[in-house]
file protein.txt (compact mmCIF, N, CA and C atoms)
# COMPACT_ATOMS: atom_id res chain seq x y z
N MET N 1 -4.20 -35.74 -53.17
CA MET N 1 -3.93 -35.34 -51.82
C MET N 1 -2.43 -35.16 -51.67
N SER N 2 -2.04 -33.96 -51.31
CA SER N 2 -0.61 -33.70 -51.16
C SER N 2 -0.23 -33.83 -49.69
N GLU N 3 0.87 -34.42 -49.48
CA GLU N 3 1.36 -34.60 -48.11
C GLU N 3 2.23 -33.41 -47.72
N VAL N 4 2.09 -33.03 -46.45
CA VAL N 4 2.89 -31.94 -45.94
C VAL N 4 4.17 -32.54 -45.39
N SER N 5 5.27 -31.91 -45.71
CA SER N 5 6.54 -32.47 -45.28
C SER N 5 6.73 -32.26 -43.77
N PRO N 6 7.47 -33.16 -43.12
CA PRO N 6 7.73 -33.00 -41.68
C PRO N 6 8.46 -31.71 -41.36
N LEU N 7 9.28 -31.26 -42.31
CA LEU N 7 10.02 -30.02 -42.08
C LEU N 7 9.07 -28.82 -42.02
N SER N 8 8.09 -28.77 -42.90
CA SER N 8 7.14 -27.64 -42.89
C SER N 8 6.25 -27.70 -41.64
N LEU N 9 5.93 -28.89 -41.18
CA LEU N 9 5.16 -29.03 -39.94
C LEU N 9 5.95 -28.47 -38.75
N LYS N 10 7.21 -28.78 -38.72
CA LYS N 10 8.07 -28.28 -37.63
C LYS N 10 8.21 -26.77 -37.70
N GLU N 11 8.35 -26.24 -38.91
CA GLU N 11 8.47 -24.80 -39.06
C GLU N 11 7.18 -24.09 -38.62
N THR N 12 6.05 -24.66 -38.95
CA THR N 12 4.76 -24.10 -38.53
C THR N 12 4.65 -24.12 -37.01
N GLN N 13 5.03 -25.23 -36.43
CA GLN N 13 4.98 -25.35 -34.97
C GLN N 13 5.95 -24.35 -34.31
N ILE N 14 7.11 -24.16 -34.88
CA ILE N 14 8.08 -23.20 -34.35
C ILE N 14 7.50 -21.79 -34.39
N ARG N 15 6.86 -21.42 -35.51
CA ARG N 15 6.26 -20.08 -35.62
C ARG N 15 5.16 -19.89 -34.57
N GLU N 16 4.32 -20.91 -34.37
CA GLU N 16 3.26 -20.82 -33.36
C GLU N 16 3.85 -20.65 -31.96
N LEU N 17 4.88 -21.42 -31.67
CA LEU N 17 5.52 -21.31 -30.35
C LEU N 17 6.20 -19.96 -30.16
N GLU N 18 6.80 -19.43 -31.24
CA GLU N 18 7.42 -18.11 -31.15
C GLU N 18 6.37 -17.03 -30.89
N LEU N 19 5.19 -17.16 -31.51
CA LEU N 19 4.11 -16.20 -31.27
C LEU N 19 3.63 -16.29 -29.82
N ARG N 20 3.45 -17.50 -29.30
CA ARG N 20 3.04 -17.67 -27.90
C ARG N 20 4.08 -17.10 -26.96
N LEU N 21 5.34 -17.31 -27.28
CA LEU N 21 6.42 -16.77 -26.45
C LEU N 21 6.39 -15.25 -26.44
N ALA N 22 6.19 -14.65 -27.61
CA ALA N 22 6.14 -13.19 -27.70
C ALA N 22 4.95 -12.64 -26.89
N GLU N 23 3.81 -13.32 -26.96
CA GLU N 23 2.64 -12.90 -26.18
C GLU N 23 2.93 -12.96 -24.68
N ARG N 24 3.55 -14.02 -24.25
CA ARG N 24 3.86 -14.17 -22.82
C ARG N 24 4.90 -13.15 -22.36
N GLU N 25 5.87 -12.87 -23.20
CA GLU N 25 6.87 -11.86 -22.85
C GLU N 25 6.21 -10.49 -22.72
N GLN N 26 5.24 -10.20 -23.60
CA GLN N 26 4.51 -8.94 -23.52
C GLN N 26 3.68 -8.89 -22.23
N GLU N 27 3.07 -10.01 -21.87
CA GLU N 27 2.29 -10.07 -20.62
C GLU N 27 3.18 -9.85 -19.41
N ILE N 28 4.36 -10.44 -19.43
CA ILE N 28 5.31 -10.25 -18.32
C ILE N 28 5.71 -8.78 -18.22
N GLN N 29 5.96 -8.15 -19.35
CA GLN N 29 6.34 -6.73 -19.37
C GLN N 29 5.20 -5.88 -18.81
N ASP N 30 3.96 -6.18 -19.21
CA ASP N 30 2.80 -5.42 -18.70
C ASP N 30 2.66 -5.59 -17.19
N LEU N 31 2.86 -6.81 -16.71
CA LEU N 31 2.77 -7.05 -15.26
C LEU N 31 3.87 -6.33 -14.49
N ARG N 32 5.06 -6.27 -15.07
CA ARG N 32 6.16 -5.54 -14.42
C ARG N 32 5.83 -4.04 -14.32
N ILE N 33 5.22 -3.51 -15.36
CA ILE N 33 4.83 -2.09 -15.34
C ILE N 33 3.79 -1.85 -14.25
N LYS N 34 2.79 -2.73 -14.16
CA LYS N 34 1.76 -2.60 -13.13
C LYS N 34 2.36 -2.72 -11.73
N LEU N 35 3.29 -3.66 -11.57
CA LEU N 35 3.95 -3.84 -10.27
C LEU N 35 4.73 -2.58 -9.89
N HIS N 36 5.43 -2.00 -10.84
CA HIS N 36 6.19 -0.78 -10.58
C HIS N 36 5.26 0.36 -10.17
N LYS N 37 4.11 0.47 -10.82
CA LYS N 37 3.13 1.50 -10.46
C LYS N 37 2.63 1.29 -9.04
N CYS N 38 2.30 0.05 -8.70
CA CYS N 38 1.82 -0.25 -7.34
C CYS N 38 2.88 0.07 -6.30
N ARG N 39 4.10 -0.32 -6.58
CA ARG N 39 5.18 -0.06 -5.61
C ARG N 39 5.46 1.43 -5.45
N SER N 40 5.24 2.20 -6.49
CA SER N 40 5.50 3.63 -6.38
C SER N 40 4.44 4.33 -5.53
N VAL N 41 3.24 3.75 -5.44
CA VAL N 41 2.16 4.35 -4.67
C VAL N 41 2.19 3.90 -3.22
N LEU N 42 2.48 2.63 -2.99
CA LEU N 42 2.47 2.08 -1.63
C LEU N 42 3.68 2.56 -0.84
N PRO N 43 3.52 2.67 0.50
CA PRO N 43 4.67 3.07 1.32
C PRO N 43 5.73 1.97 1.31
N LYS N 44 6.96 2.41 1.44
CA LYS N 44 8.07 1.44 1.45
C LYS N 44 8.06 0.69 2.78
N THR N 45 8.16 -0.61 2.72
CA THR N 45 8.23 -1.44 3.92
C THR N 45 9.49 -2.27 3.87
N ARG N 46 9.96 -2.61 5.04
CA ARG N 46 11.16 -3.44 5.12
C ARG N 46 10.73 -4.90 5.00
N LEU N 47 11.29 -5.58 4.03
CA LEU N 47 10.97 -6.99 3.85
C LEU N 47 11.86 -7.82 4.76
N THR N 48 11.28 -8.79 5.41
CA THR N 48 12.04 -9.66 6.31
C THR N 48 12.04 -11.07 5.75
N PRO N 49 13.07 -11.81 6.04
CA PRO N 49 13.10 -13.21 5.58
C PRO N 49 11.98 -14.01 6.22
N ARG N 50 11.52 -15.01 5.51
CA ARG N 50 10.42 -15.84 6.02
C ARG N 50 10.83 -16.62 7.27
N THR N 51 12.11 -16.74 7.50
CA THR N 51 12.55 -17.54 8.64
C THR N 51 12.37 -16.81 9.95
N TRP N 52 12.20 -15.48 9.91
CA TRP N 52 11.99 -14.74 11.16
C TRP N 52 10.59 -15.00 11.66
N ARG N 53 10.47 -15.11 12.94
CA ARG N 53 9.16 -15.35 13.54
C ARG N 53 8.36 -14.04 13.53
N ALA N 54 7.13 -14.15 13.13
CA ALA N 54 6.27 -12.96 13.09
C ALA N 54 5.95 -12.51 14.50
N GLN N 55 5.91 -11.20 14.72
CA GLN N 55 5.58 -10.67 16.03
C GLN N 55 4.12 -10.29 16.06
N GLY N 56 3.48 -10.54 17.20
CA GLY N 56 2.08 -10.21 17.36
C GLY N 56 1.89 -8.74 17.65
N ILE N 57 0.67 -8.35 17.80
CA ILE N 57 0.34 -6.95 18.06
C ILE N 57 0.92 -6.49 19.40
N SER N 58 0.96 -7.39 20.38
CA SER N 58 1.41 -6.99 21.70
C SER N 58 2.93 -6.99 21.85
N ALA N 59 3.65 -7.26 20.78
CA ALA N 59 5.11 -7.29 20.86
C ALA N 59 5.66 -5.89 21.11
N GLU N 60 6.78 -5.83 21.82
CA GLU N 60 7.42 -4.55 22.10
C GLU N 60 8.02 -3.98 20.83
N PRO N 61 7.99 -2.68 20.67
CA PRO N 61 8.61 -2.09 19.48
C PRO N 61 10.11 -2.31 19.50
N PRO N 62 10.74 -2.42 18.33
CA PRO N 62 12.18 -2.68 18.28
C PRO N 62 13.02 -1.56 18.89
N SER N 63 12.46 -0.38 19.08
CA SER N 63 13.23 0.73 19.62
C SER N 63 13.24 0.73 21.15
N CYS N 64 12.70 -0.31 21.78
CA CYS N 64 12.67 -0.38 23.25
C CYS N 64 14.09 -0.50 23.81
N LEU N 65 14.20 -0.25 25.09
CA LEU N 65 15.49 -0.38 25.75
C LEU N 65 15.99 -1.81 25.69
N SER N 66 17.28 -1.99 25.61
CA SER N 66 17.85 -3.33 25.60
C SER N 66 17.85 -3.89 27.03
N SER N 67 18.08 -5.17 27.18
CA SER N 67 18.01 -5.79 28.51
C SER N 67 19.03 -5.22 29.50
N PRO N 68 20.27 -4.87 29.14
CA PRO N 68 21.16 -4.25 30.13
C PRO N 68 20.62 -2.89 30.61
N ASP N 69 19.99 -2.14 29.71
CA ASP N 69 19.39 -0.86 30.10
C ASP N 69 18.23 -1.09 31.06
N LEU N 70 17.46 -2.13 30.81
CA LEU N 70 16.33 -2.42 31.69
C LEU N 70 16.80 -2.84 33.08
N LEU N 71 17.89 -3.60 33.14
CA LEU N 71 18.41 -4.05 34.43
C LEU N 71 18.95 -2.88 35.24
N ALA N 72 19.50 -1.88 34.57
CA ALA N 72 20.08 -0.74 35.27
C ALA N 72 19.01 0.28 35.68
N ALA N 73 17.85 0.23 35.06
CA ALA N 73 16.79 1.20 35.35
C ALA N 73 16.19 0.93 36.73
N LYS N 74 15.83 1.98 37.43
CA LYS N 74 15.21 1.88 38.75
C LYS N 74 13.70 1.75 38.55
N LEU N 75 13.14 0.69 39.06
CA LEU N 75 11.72 0.45 38.92
C LEU N 75 10.97 1.00 40.13
N ARG N 76 9.74 1.44 39.91
CA ARG N 76 8.93 1.92 41.02
C ARG N 76 8.49 0.73 41.87
N THR N 77 8.35 0.96 43.16
CA THR N 77 7.85 -0.09 44.04
C THR N 77 6.45 0.29 44.51
N HIS N 78 5.65 -0.70 44.73
CA HIS N 78 4.27 -0.50 45.20
C HIS N 78 4.09 -1.29 46.48
N GLU N 79 3.40 -0.69 47.39
CA GLU N 79 3.16 -1.40 48.65
C GLU N 79 2.13 -2.49 48.41
N LYS N 80 2.36 -3.60 49.06
CA LYS N 80 1.45 -4.71 48.94
C LYS N 80 0.49 -4.68 50.13
N LEU N 81 -0.80 -4.71 49.84
CA LEU N 81 -1.79 -4.71 50.91
C LEU N 81 -1.91 -6.11 51.48
N ASP N 82 -2.10 -6.20 52.79
CA ASP N 82 -2.27 -7.52 53.38
C ASP N 82 -3.67 -8.05 53.06
N ARG N 83 -3.84 -9.35 53.15
CA ARG N 83 -5.11 -9.99 52.80
C ARG N 83 -6.25 -9.54 53.70
N GLY N 84 -5.97 -9.29 54.97
CA GLY N 84 -7.01 -8.87 55.90
C GLY N 84 -7.61 -7.54 55.46
N HIS N 85 -6.80 -6.62 54.98
CA HIS N 85 -7.27 -5.34 54.51
C HIS N 85 -8.15 -5.52 53.27
N MET N 86 -7.76 -6.42 52.35
CA MET N 86 -8.52 -6.67 51.14
C MET N 86 -9.87 -7.29 51.47
N MET N 87 -9.93 -8.17 52.47
CA MET N 87 -11.17 -8.81 52.88
C MET N 87 -12.14 -7.76 53.43
N ALA N 88 -11.60 -6.79 54.17
CA ALA N 88 -12.45 -5.74 54.73
C ALA N 88 -13.02 -4.88 53.62
N ILE N 89 -12.25 -4.61 52.59
CA ILE N 89 -12.74 -3.80 51.46
C ILE N 89 -13.83 -4.56 50.72
N LYS N 90 -13.66 -5.86 50.51
CA LYS N 90 -14.65 -6.67 49.80
C LYS N 90 -15.96 -6.74 50.59
N GLN N 91 -15.86 -6.83 51.90
CA GLN N 91 -17.06 -6.96 52.72
C GLN N 91 -17.87 -5.66 52.70
N ARG N 92 -17.20 -4.53 52.57
CA ARG N 92 -17.89 -3.25 52.54
C ARG N 92 -18.67 -3.04 51.24
N THR N 93 -18.23 -3.64 50.18
CA THR N 93 -18.90 -3.41 48.88
C THR N 93 -20.00 -4.36 48.61

call {"tool": "encode", "arguments": {"input": "protein.txt", "output": "structure tokens"}}
result
Amino acid sequence: MSEVSPLSLKETQIRELELRLAEREQEIQDLRIKLHKCRSVLPKTRLTPRTWRAQGISAEPPSCLSSPDLLAAKLRTHEKLDRGHMMAIKQRT
């Protein structure tokens, strides 16, 4: 029975690890290629930092007027009906 030297065991282990490393590097390269293909097909979107609060569907678009513009704008006024008039409308229906 011949004994294997510790040096040859280490060399064998190094070769195995180098092969695993090469396989993983190839996998990373393949994934990068797939990612590039996906990004080339999908529309470009602006990425935002995670710290920004997400806006819901009902949020105003960012192109809306700023608050000084809103304050300067003239708003329409609506006449307020008195309660007696509303009661008469409800009773008719």

call {"tool": "atom_distance", "arguments": {"input": "protein.txt", "atom1": "atom N of Lys10 in chain N", "atom2": "atom N of Gln29 in chain N"}}
result
28.3 Å

call {"tool": "atom_distance", "arguments": {"input": "protein.txt", "atom1": "atom N of Pro6 in chain N", "atom2": "CA of Arg24 in chain N"}}
result
28.0 Å

call {"tool": "atom_distance", "arguments": {"input": "protein.txt", "atom1": "atom C of Lys34 in chain N", "atom2": "atom C of Ala22 in chain N"}}
result
18.3 Å
